[in-house]
Structures are given as structure tokens and as C-alpha cells.
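> Contents of query-v4.txt (compact mmCIF, C-alpha atoms):
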# COMPACT_ATOMS: atom_id res chain seq x y z
CA MET A 1 -3.63 30.30 -9.76
CA LEU A 2 -2.21 33.62 -10.95
CA HIS A 3 -5.64 34.56 -12.26
CA LYS A 4 -7.15 34.02 -8.78
CA LEU A 5 -4.46 36.17 -7.16
CA VAL A 6 -5.10 39.00 -9.58
CA SER A 7 -8.89 38.81 -9.57
CA ALA A 8 -9.35 38.37 -5.80
CA PRO A 9 -8.80 42.07 -4.94
CA ILE A 10 -11.09 43.12 -7.78
CA ASN A 11 -13.83 40.74 -6.63
CA LEU A 12 -13.46 42.05 -3.07
CA VAL A 13 -13.84 45.65 -4.24
CA ILE A 14 -16.93 44.67 -6.25
CA LYS A 15 -18.49 42.93 -3.23
CA ILE A 16 -17.75 45.90 -1.00
CA GLY A 17 -19.29 48.24 -3.58
CA GLU A 18 -22.41 46.09 -3.79
CA LYS A 19 -22.74 46.08 0.01
CA VAL A 20 -22.31 49.88 0.19
CA LYS A 21 -24.99 50.33 -2.50
CA GLU A 22 -27.31 47.95 -0.65
CA GLU A 23 -26.91 49.89 2.61
CA ALA A 24 -27.33 53.26 0.88
CA ASP A 25 -30.50 52.05 -0.84
CA LYS A 26 -31.82 50.86 2.51
CA GLU A 27 -31.23 54.30 4.02
CA LEU A 28 -32.64 56.16 1.02
CA TYR A 29 -35.67 53.98 0.43
CA ASP A 30 -36.60 52.62 3.84
CA LEU A 31 -40.23 53.65 4.37
CA PRO A 32 -40.11 54.05 8.18
CA THR A 33 -36.94 56.14 7.86
CA ILE A 34 -38.54 58.41 5.28
CA GLN A 35 -41.68 58.77 7.41
CA GLN A 36 -39.58 59.70 10.44
CA LYS A 37 -37.66 62.29 8.42
CA LEU A 38 -40.93 63.81 7.22
CA ILE A 39 -42.12 64.10 10.83
CA GLN A 40 -38.83 65.66 11.90
CA LEU A 41 -38.99 68.09 8.99
CA GLN A 42 -42.54 69.12 9.94
CA MET A 43 -41.45 69.70 13.54
CA MET A 44 -38.44 71.77 12.46
CA TYR A 45 -40.71 73.93 10.30
CA GLU A 46 -43.32 74.38 13.03
CA LEU A 47 -40.61 75.38 15.52
CA GLY A 48 -39.21 77.91 13.07
CA ASP A 49 -35.89 76.11 12.67
CA ILE A 50 -36.15 76.15 8.86
CA SER A 51 -37.76 78.48 6.36
CA GLU A 52 -40.86 77.62 4.39
CA ASP A 53 -38.82 77.44 1.18
CA ALA A 54 -36.32 75.01 2.72
CA TYR A 55 -39.22 72.99 4.11
CA LYS A 56 -40.92 72.71 0.73
CA VAL A 57 -37.72 71.65 -1.04
CA LYS A 58 -36.89 68.97 1.50
CA GLU A 59 -40.50 67.79 1.73
CA GLU A 60 -40.65 67.36 -2.05
CA GLU A 61 -37.41 65.34 -1.98
CA LEU A 62 -38.67 63.09 0.82
CA LEU A 63 -42.06 62.56 -0.82
CA LEU A 64 -40.36 61.58 -4.07
CA ARG A 65 -38.19 59.08 -2.19
CA TYR A 66 -41.34 57.78 -0.47
CA LYS A 67 -43.07 57.22 -3.81
CA VAL A 68 -40.03 55.38 -5.18
CA ALA A 69 -39.81 53.27 -2.02
CA LYS A 70 -43.50 52.36 -2.23
CA ARG A 71 -43.10 51.40 -5.88
CA MET A 72 -40.07 49.24 -5.03
CA GLU A 73 -42.00 47.58 -2.21
CA LEU A 74 -44.92 46.84 -4.53
CA GLU A 75 -42.58 45.36 -7.14
CA GLN A 76 -41.01 43.12 -4.50
CA TRP A 77 -44.43 41.89 -3.40
CA GLU A 78 -45.40 41.19 -7.01
CA GLN A 79 -42.19 39.19 -7.55
CA MET A 80 -42.77 37.20 -4.37
CA THR A 81 -46.36 36.48 -5.40
CA LYS A 82 -45.29 35.30 -8.84
CA ARG A 83 -42.70 32.96 -7.31
CA LYS A 84 -45.28 31.46 -4.96
CA GLU A 85 -47.69 30.93 -7.85
CA GLY A 86 -44.99 29.18 -9.85
CA GLY A 87 -44.43 32.01 -12.32
CA PRO A 88 -41.05 33.09 -13.74
Taking this structure as input, can you express it in the form of C-alpha cells?

Amino acid sequence: MLHKLVSAPINLVIKIGEKVKEEADKELYDLPTIQQKLIQLQMMYELGDISEDAYKVKEEELLLRYKVAKRMELEQWEQMTKRKEGGP
């Protein structure tokens, strides 16, 4: 009983941390979100709201996130396919 009282707050903090990470990953690696940010970045550059250097830096960051997100998506599809085929 004492063990449950002591570990309950720790387990709650762990669950909250996992949920925060899950939401952050969704924001960072959500393909439609990244695509929208790339479009917004392009518009800001074309309107002269940001410099070319700032544009290039941010574009590189977003494209890297896009590549990671695509790789994650592909890995998820591969895992789903393996499960359907009866693999590990």
C-alpha cells in the first residue's frame, strides 16, 4: 500500500511526460503541418517579410523535419504490413 502511495505521483509524472512528448512529436513531425509551414515560409520570403538567409535556414530545418517525418511514416507502414502478414 505504501509503495502505491509513493509510486503513484511518479507514475503520473511519467505518463504526463510521455503525453507531452507524443504531442510535441506530432507537431514536429506531422507532414501536413510541415507542408503548411513551408508554404507560409515561402510566402513570407516572397513578400519580403524575411531575408533570404533566414529563409534558407528555416527551409533547411523544415525540409529535414519533413524527411524525418516521411521516414517515420514509412517505418510505421512497414510495421503495420509485417503485423498483417503475421510477422514479428
> Atom CA of A:Ile39 and atom CA of A:Glu78 are how many Å apart?
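Here the two named atoms are 29.2 Å from each other.
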> Atom CA of A:Gln36 to atom CA of A:Val68: how many Å, to one decimal?
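Distance between the two atoms: 16.2 Å.
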> Write out as a compact mmCIF listing (two decimals) with C-alpha atoms, keeping the file's coordinate frame the residues lying within 9 Å of stretch 27-30 of chain A, counting only C-alpha atoms and excluding same-chain residues fewer than 6 positions away.

# COMPACT_ATOMS: atom_id res chain seq x y z
CA ARG A 65 -38.19 59.08 -2.19
CA TYR A 66 -41.34 57.78 -0.47
CA VAL A 68 -40.03 55.38 -5.18
CA ALA A 69 -39.81 53.27 -2.02
CA LYS A 70 -43.50 52.36 -2.23
CA MET A 72 -40.07 49.24 -5.03
> Do you know which residues are at most 8 Å from A:Lys37 counting all atoms listed in the file, after dropping those on the same chain fewer than 4 positions away, and could you put them as a count of residues only?
3
> What are the centre and edge lengths in Å, to one decimal, of the axis-aligned box around all listed atoms of stretch 50-57 of chain A with 4 Å added on each side, as JSON?

{"center_x": -38.5, "center_y": 75.1, "center_z": 3.9, "size_x": 12.8, "size_y": 14.8, "size_z": 17.9}
> Can you tell me, as a ChimeraX atom specification, what residues are no more than 12 Å from A:Lys56 when counting all atoms listed in the file, ignoring any on the same chain fewer than 6 positions away?
/A:38,41-42,45,50,62-63
> Can you tell me how far atom CA of A:Gln35 sits from atom CA of A:Lys58, in Å to one decimal?
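Distance reported for this atom pair: 12.7 Å.
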